[in-house]
Amino acid sequence: MASTYNEKGTPSSATLSVRALHKSFGVLPVLKGIDLHVQRSEMVFVLGPSGSGKSTMLRCCNLLEEPDSGAILIEGDKLTGPGVDLNKMRQRIGMVFQSFNLYPHLSALGNVTLALRRVLKMPREQAESEAIAALTKVGLSNRAGHFPSQLSGGQQQRVAIARALALKPTVMLFDEPTSALDPELVGDVLDVMRDVKEQGMTMLVVSHEMKFARDAADRVVFMDGGVIVEQGPPEQIFGAPTQERTRTFLSRFHG
Amino acid sequence: MQMDMFLDQFLNQAVLVKYTPLILKGAGVTVLLSVLIVLTGLTLGAGLACLRAYRIKAFSFAIVIFADVLRALPPLVLILLAFFGLPNIGVVLSSFTVLFLVLSLVLAAFAEEIVWAGITATPKGQWEAARSTGLTFTQALCYVVLPQAVRMVIPPLTNRAIAITKMTALGMVIGVPDILGQATTAQSFSANASPLTLAAIAYVVIFLPLVIASRWLEQRFTQKGS
Ligand SMILES: Nc1ncnc2c1ncn2[C@@H]1O[C@H](COP(=O)(O)OP(=O)(O)OP(=O)(O)O)[C@@H](O)[C@H]1O
Ligand SMILES: [Mg+2]
């Protein structure tokens with residue numbers, strides 16, 4: 001993870017930088033100084049027990065949660081601070097949620113075109129052809145006219161991925177994208193994520209799909225109690241974790 | 001014998017024929033008022049609910065006071081206050097205008113509360129998904145949250161709109177020439193209740209389809225609501 005630092009002290013090659021991130025809910029400190037740099041086209045997996053702050057960290061990365069202190073940078077551009085157009089910055093950060101959060105009153109196509117039309121101000125035809133292209137990437141161009149209620153969970157999540165993908169973000173955040181799915185539908189979503197990665201997307205993924213992490217992740221980060229306990233390539237984290245807490249956590253998954 | 005008295009009093013053919021044109025004129029006024037009240041009241045109510053979504057303390061406070069007071073007061077009190085009170089401070093409004101304004105505001109107060117309930121019942125994840133794609137707060141509200149909120153509350157909204165438009169009958173007390181206004185005038189001229197029968201028929205003809213439509217809407221939107 002060697003990275004050069006520019007004059008602002010930013011690791012200039014990092015696509016997403018989280019620096020000294022602190023966040024409390026009331027008196028409960030949830031993030032206690034997170035530093036994480038995700039390089040271009042890297043897929044970083046975040047593991048950790050429930051309540052360790054994984055979602056909170058991810059949500060701080062596009063300011064769905066406001067950090068108490070610290071900084072988030074996308075390609076060196078700060079997300080917080082005076083004069084930052086947050087809505088502009090958010091176009092560069094795609095987010096995929098555990099519960100999909102598709103707009104139920106819009107078709108799959110409408111879900112994808114909304115931001116293209118209203119944020120990027122594309123004319124309808126262009127937005128629709130971009131949306132179809134995104135839906136094609138997730139294998140659902142033939143479901144464009146379907147409403148979320150007419151799609152399976154796995155299909156809904158793929159539409160949600162297309163919705164984020166269509167804005168051509170710099171980085172994509174995934175918060176447990178498969179944990180609301182029936183087991184037989186998980187594979188399709190993971191396949192799409194793998195495709196997205198292969199096309200060079202930078203991805204920060206909170207997930208407990210260990211097998212997928214092993215095959216596809218470039219790096220695995222283990223969080224506990226609001227800090228990063230340990231990180232490294234998947235073979236190292238899964239094969240030879242150095243921290244006791246990591247071992248304890250992983251042993252629950254290996255049985 | 002009694003049947004004859006009844007028929008003569010409620011269904012006197014001569015009276016019915018004589019006053020049907022007047023009641024029809026009244027029906028025109030009732031329909032016009034109803035349409036204006038529903039359009040104005042629902043738009044204003046939804047607008048206030050949206051304004052409240054910004055959670056600007058002063059606005060929210062004012063909106064809550066407005067909605068609570070107008071929902072608490074009997075509309076007749078407001079109608080009388082406006083019609084007999086406002087001229088004393090130099091504001092003279094026609095009875096039609098008073099009825100329109102008061103009922104529009106009352107409907108707006110109810111609609112605000114109903115739409116607001118829909119907005120707060122829309123899952124937080126909808127806001128988050130919208131904002132995460134770069135939509136502004138206002139865009140997320142208009143394109144994502146409000147359409148869902150309104151869909152969710154269409155049944156209570158329709159019921160309330162019907163209930164309030166029926167109150168156009170209150171216009172009688174300030175001389176609005178709506179169905180009931182015409183009917184009561186006719187009734188006193190003819191010393192016969194048949195014009196009131198006509199009024200009842202006119203109300204049923206106007207409102208029954210709406211009630212049936214609202215039942216249909218209710219079924220449609222409660223099934224799909226989840
Ligand atoms: N909006 C909130 N208000 C108050 N407390 C919160 C809020 N969001 C999260 N928390 C608390 O912060 C802590 C970390 O939550 P977070 O959702 O980040 O954990 P997580 O690692 O994603 O857990 P899980 O694996 O269960 O999703 C938890 O104790 C949670 O109760
Ligand atoms: Mg979580």
# chains A, B, ... in the order shown; residues from 1 in each chain; ligands from 1

call {"tool": "residues_around", "arguments": {"residues": "Gln187 (chain B)", "least_positions_apart": "5", "cutoff": "12 Å", "atoms": "only C-alpha atoms", "output": "ChimeraX atom specification"}}
result
/B:9-10,12,15-16,18-19,22-23,179-182,192-199

call {"tool": "write_last_selection", "arguments": {"atoms": "C-alpha atoms", "output": "mmCIF file, in the first residue's frame"}}
result
data_model
loop_
_atom_site.group_PDB
_atom_site.id
_atom_site.type_symbol
_atom_site.label_atom_id
_atom_site.label_comp_id
_atom_site.auth_asym_id
_atom_site.auth_seq_id
_atom_site.Cartn_x
_atom_site.Cartn_y
_atom_site.Cartn_z
ATOM 1 C CA GLN B 9 -94.845 17.383 1.136
ATOM 2 C CA PHE B 10 -91.735 15.684 -0.237
ATOM 3 C CA ASN B 12 -95.004 17.432 -4.956
ATOM 4 C CA VAL B 15 -93.023 22.054 -6.982
ATOM 5 C CA LEU B 16 -90.457 19.590 -8.258
ATOM 6 C CA LYS B 18 -90.920 24.358 -10.933
ATOM 7 C CA TYR B 19 -87.725 24.315 -8.927
ATOM 8 C CA LEU B 22 -83.014 26.407 -9.774
ATOM 9 C CA ILE B 23 -81.570 23.344 -8.073
ATOM 10 C CA ILE B 179 -77.741 23.390 -4.010
ATOM 11 C CA LEU B 180 -78.883 23.746 -0.436
ATOM 12 C CA GLY B 181 -79.031 27.526 -0.634
ATOM 13 C CA GLN B 182 -81.372 27.350 -3.618
ATOM 14 C CA ASN B 192 -93.056 22.642 0.673
ATOM 15 C CA ALA B 193 -90.154 20.307 1.344
ATOM 16 C CA SER B 194 -89.929 18.976 -2.200
ATOM 17 C CA PRO B 195 -87.083 21.337 -3.147
ATOM 18 C CA LEU B 196 -85.116 19.760 -0.301
ATOM 19 C CA THR B 197 -85.818 16.366 -1.803
ATOM 20 C CA LEU B 198 -84.404 17.675 -5.057
ATOM 21 C CA ALA B 199 -81.379 18.914 -3.143
#

call {"tool": "residues_around", "arguments": {"residues": "Pro67 (chain A)", "least_positions_apart": "5", "cutoff": "8 Å", "atoms": "only C-alpha atoms", "output": "list in words"}}
result
Leu21, His22, Lys23 and Cys60 of chain A

call {"tool": "residues_near_ligand", "arguments": {"ligand": "ligand 1", "cutoff": "7 Å", "atoms": "only C-alpha atoms and all ligand atoms", "output": "short mmCIF file (atom, residue, chain, number, x, y, z; two decimals) with all heavy atoms, in the first residue's frame"}}
result
data_model
loop_
_atom_site.label_atom_id
_atom_site.label_comp_id
_atom_site.auth_asym_id
_atom_site.auth_seq_id
_atom_site.Cartn_x
_atom_site.Cartn_y
_atom_site.Cartn_z
N PHE A 25 -22.56 8.63 18.18
CA PHE A 25 -23.99 8.87 18.26
C PHE A 25 -24.30 9.21 19.71
O PHE A 25 -24.24 8.32 20.56
CB PHE A 25 -24.79 7.65 17.80
CG PHE A 25 -24.71 7.40 16.33
CD1 PHE A 25 -24.01 6.33 15.82
CD2 PHE A 25 -25.33 8.28 15.43
CE1 PHE A 25 -23.94 6.11 14.44
CE2 PHE A 25 -25.26 8.06 14.07
CZ PHE A 25 -24.57 6.98 13.57
N VAL A 30 -18.64 5.59 17.95
CA VAL A 30 -18.81 4.45 17.04
C VAL A 30 -17.58 4.29 16.14
O VAL A 30 -17.14 3.19 15.86
CB VAL A 30 -20.09 4.63 16.20
CG1 VAL A 30 -20.19 3.57 15.12
CG2 VAL A 30 -21.32 4.55 17.10
N GLY A 48 -16.32 -7.40 10.09
CA GLY A 48 -16.29 -7.04 11.51
C GLY A 48 -17.59 -7.43 12.15
O GLY A 48 -18.61 -7.59 11.48
N PRO A 49 -17.56 -7.58 13.48
CA PRO A 49 -18.79 -7.98 14.18
C PRO A 49 -19.86 -6.91 14.09
O PRO A 49 -19.58 -5.75 13.77
CB PRO A 49 -18.33 -8.19 15.63
CG PRO A 49 -16.99 -7.58 15.74
CD PRO A 49 -16.41 -7.46 14.36
N SER A 50 -21.08 -7.32 14.37
CA SER A 50 -22.20 -6.39 14.36
C SER A 50 -21.95 -5.26 15.36
O SER A 50 -21.48 -5.51 16.47
CB SER A 50 -23.47 -7.15 14.74
OG SER A 50 -24.56 -6.29 14.66
N GLY A 51 -22.21 -4.06 14.93
CA GLY A 51 -22.03 -2.90 15.82
C GLY A 51 -20.61 -2.36 15.82
O GLY A 51 -20.30 -1.42 16.56
N SER A 52 -19.74 -2.91 14.97
CA SER A 52 -18.35 -2.44 14.99
C SER A 52 -18.19 -1.13 14.25
O SER A 52 -17.12 -0.53 14.28
CB SER A 52 -17.43 -3.51 14.40
OG SER A 52 -17.85 -3.83 13.09
N GLY A 53 -19.23 -0.67 13.54
CA GLY A 53 -19.17 0.63 12.90
C GLY A 53 -18.95 0.58 11.39
O GLY A 53 -18.69 1.60 10.75
N LYS A 54 -19.11 -0.60 10.80
CA LYS A 54 -18.87 -0.74 9.36
C LYS A 54 -19.81 0.13 8.53
O LYS A 54 -19.37 0.89 7.66
CB LYS A 54 -19.04 -2.21 8.94
CG LYS A 54 -18.21 -3.19 9.74
CD LYS A 54 -18.45 -4.63 9.31
CE LYS A 54 -19.87 -5.12 9.51
NZ LYS A 54 -20.29 -5.25 10.91
N SER A 55 -21.11 0.00 8.84
CA SER A 55 -22.08 0.79 8.08
C SER A 55 -21.85 2.28 8.31
O SER A 55 -21.93 3.07 7.37
CB SER A 55 -23.51 0.45 8.50
OG SER A 55 -23.79 -0.89 8.19
N THR A 56 -21.59 2.63 9.54
CA THR A 56 -21.39 4.04 9.85
C THR A 56 -20.20 4.59 9.06
O THR A 56 -20.28 5.69 8.49
CB THR A 56 -21.16 4.22 11.36
OG1 THR A 56 -22.25 3.62 12.06
CG2 THR A 56 -21.06 5.69 11.73
N MET A 57 -19.13 3.82 8.97
CA MET A 57 -17.99 4.28 8.20
C MET A 57 -18.36 4.48 6.73
O MET A 57 -18.04 5.50 6.12
CB MET A 57 -16.83 3.29 8.31
CG MET A 57 -15.65 3.74 7.47
SD MET A 57 -14.38 2.50 7.28
CE MET A 57 -15.20 1.28 6.29
#

call {"tool": "closest_residue", "arguments": {"among": "A:Thr242, A:Ser179, A:Gln39, A:Ser141", "to": "ligand 2", "atoms": "only C-alpha atoms and all ligand atoms"}}
result
A:Ser179

call {"tool": "closest_residue", "arguments": {"among": "B:Gln219, B:Thr158, B:Gln13, B:Ser190", "to": "Ala111 (chain B)", "atoms": "only C-alpha atoms"}}
result
B:Thr158

call {"tool": "interface_residues", "arguments": {"of": "chain A", "to": "chain B", "cutoff": "6 Å", "atoms": "only C-alpha atoms", "output": "PyMOL selection string"}}
result
chain A and resi 87+90-91+101+119

call {"tool": "write_last_selection", "arguments": {"atoms": "N, CA, C and O atoms", "output": "mmCIF file, in the first residue's frame"}}
result
data_model
loop_
_atom_site.group_PDB
_atom_site.id
_atom_site.type_symbol
_atom_site.label_atom_id
_atom_site.label_comp_id
_atom_site.auth_asym_id
_atom_site.auth_seq_id
_atom_site.Cartn_x
_atom_site.Cartn_y
_atom_site.Cartn_z
ATOM 1 N N ASN A 87 -23.743 17.646 -3.488
ATOM 2 C CA ASN A 87 -24.511 16.887 -4.481
ATOM 3 C C ASN A 87 -23.642 16.521 -5.683
ATOM 4 O O ASN A 87 -23.787 15.453 -6.253
ATOM 5 N N ARG A 90 -21.389 13.685 -4.523
ATOM 6 C CA ARG A 90 -22.085 12.403 -4.372
ATOM 7 C C ARG A 90 -22.282 11.682 -5.710
ATOM 8 O O ARG A 90 -22.448 10.465 -5.739
ATOM 9 N N GLN A 91 -22.265 12.437 -6.812
ATOM 10 C CA GLN A 91 -22.346 11.775 -8.118
ATOM 11 C C GLN A 91 -21.146 10.879 -8.339
ATOM 12 O O GLN A 91 -21.197 9.955 -9.142
ATOM 13 N N ASN A 101 -33.451 -0.281 -1.477
ATOM 14 C CA ASN A 101 -33.987 1.084 -1.536
ATOM 15 C C ASN A 101 -34.312 1.533 -2.950
ATOM 16 O O ASN A 101 -34.079 2.691 -3.309
ATOM 17 N N VAL A 119 -30.115 15.028 -12.087
ATOM 18 C CA VAL A 119 -28.818 15.473 -11.565
ATOM 19 C C VAL A 119 -27.883 15.814 -12.722
ATOM 20 O O VAL A 119 -27.321 16.900 -12.776
#

call {"tool": "atom_distance", "arguments": {"atom1": "CA of Pro177 (chain A)", "atom2": "CA of Ser13 (chain A)"}}
result
27.0 Å

call {"tool": "residues_around", "arguments": {"residues": "Ala127 (chain A)", "least_positions_apart": "2", "cutoff": "10 Å", "atoms": "only C-alpha atoms", "output": "list in words"}}
result
Leu109, Gly110, Val112, Thr113, Leu114, Ala115, Leu116, Arg117, Arg118, Leu120, Lys121, Met122, Pro123, Arg124, Glu125, Ser129, Glu130, Ala131, Ile132, Ala133 and Ala166 of chain A

call {"tool": "atom_distance", "arguments": {"atom1": "CA of Thr136 (chain A)", "atom2": "CA of Ser152 (chain A)"}}
result
16.8 Å

call {"tool": "residues_around", "arguments": {"residues": "Val106 (chain B)", "least_positions_apart": "6", "cutoff": "12 Å", "atoms": "only C-alpha atoms", "output": "ChimeraX atom specification"}}
result
/B:37-38,40-42,44-45,66-79,99-100,112-113,160-161,163-165,167-168

call {"tool": "closest_residue", "arguments": {"among": "A:Pro82, A:Gly145, A:Gly225, A:Leu140", "to": "Ser24 (chain A)", "atoms": "only C-alpha atoms"}}
result
A:Gly225
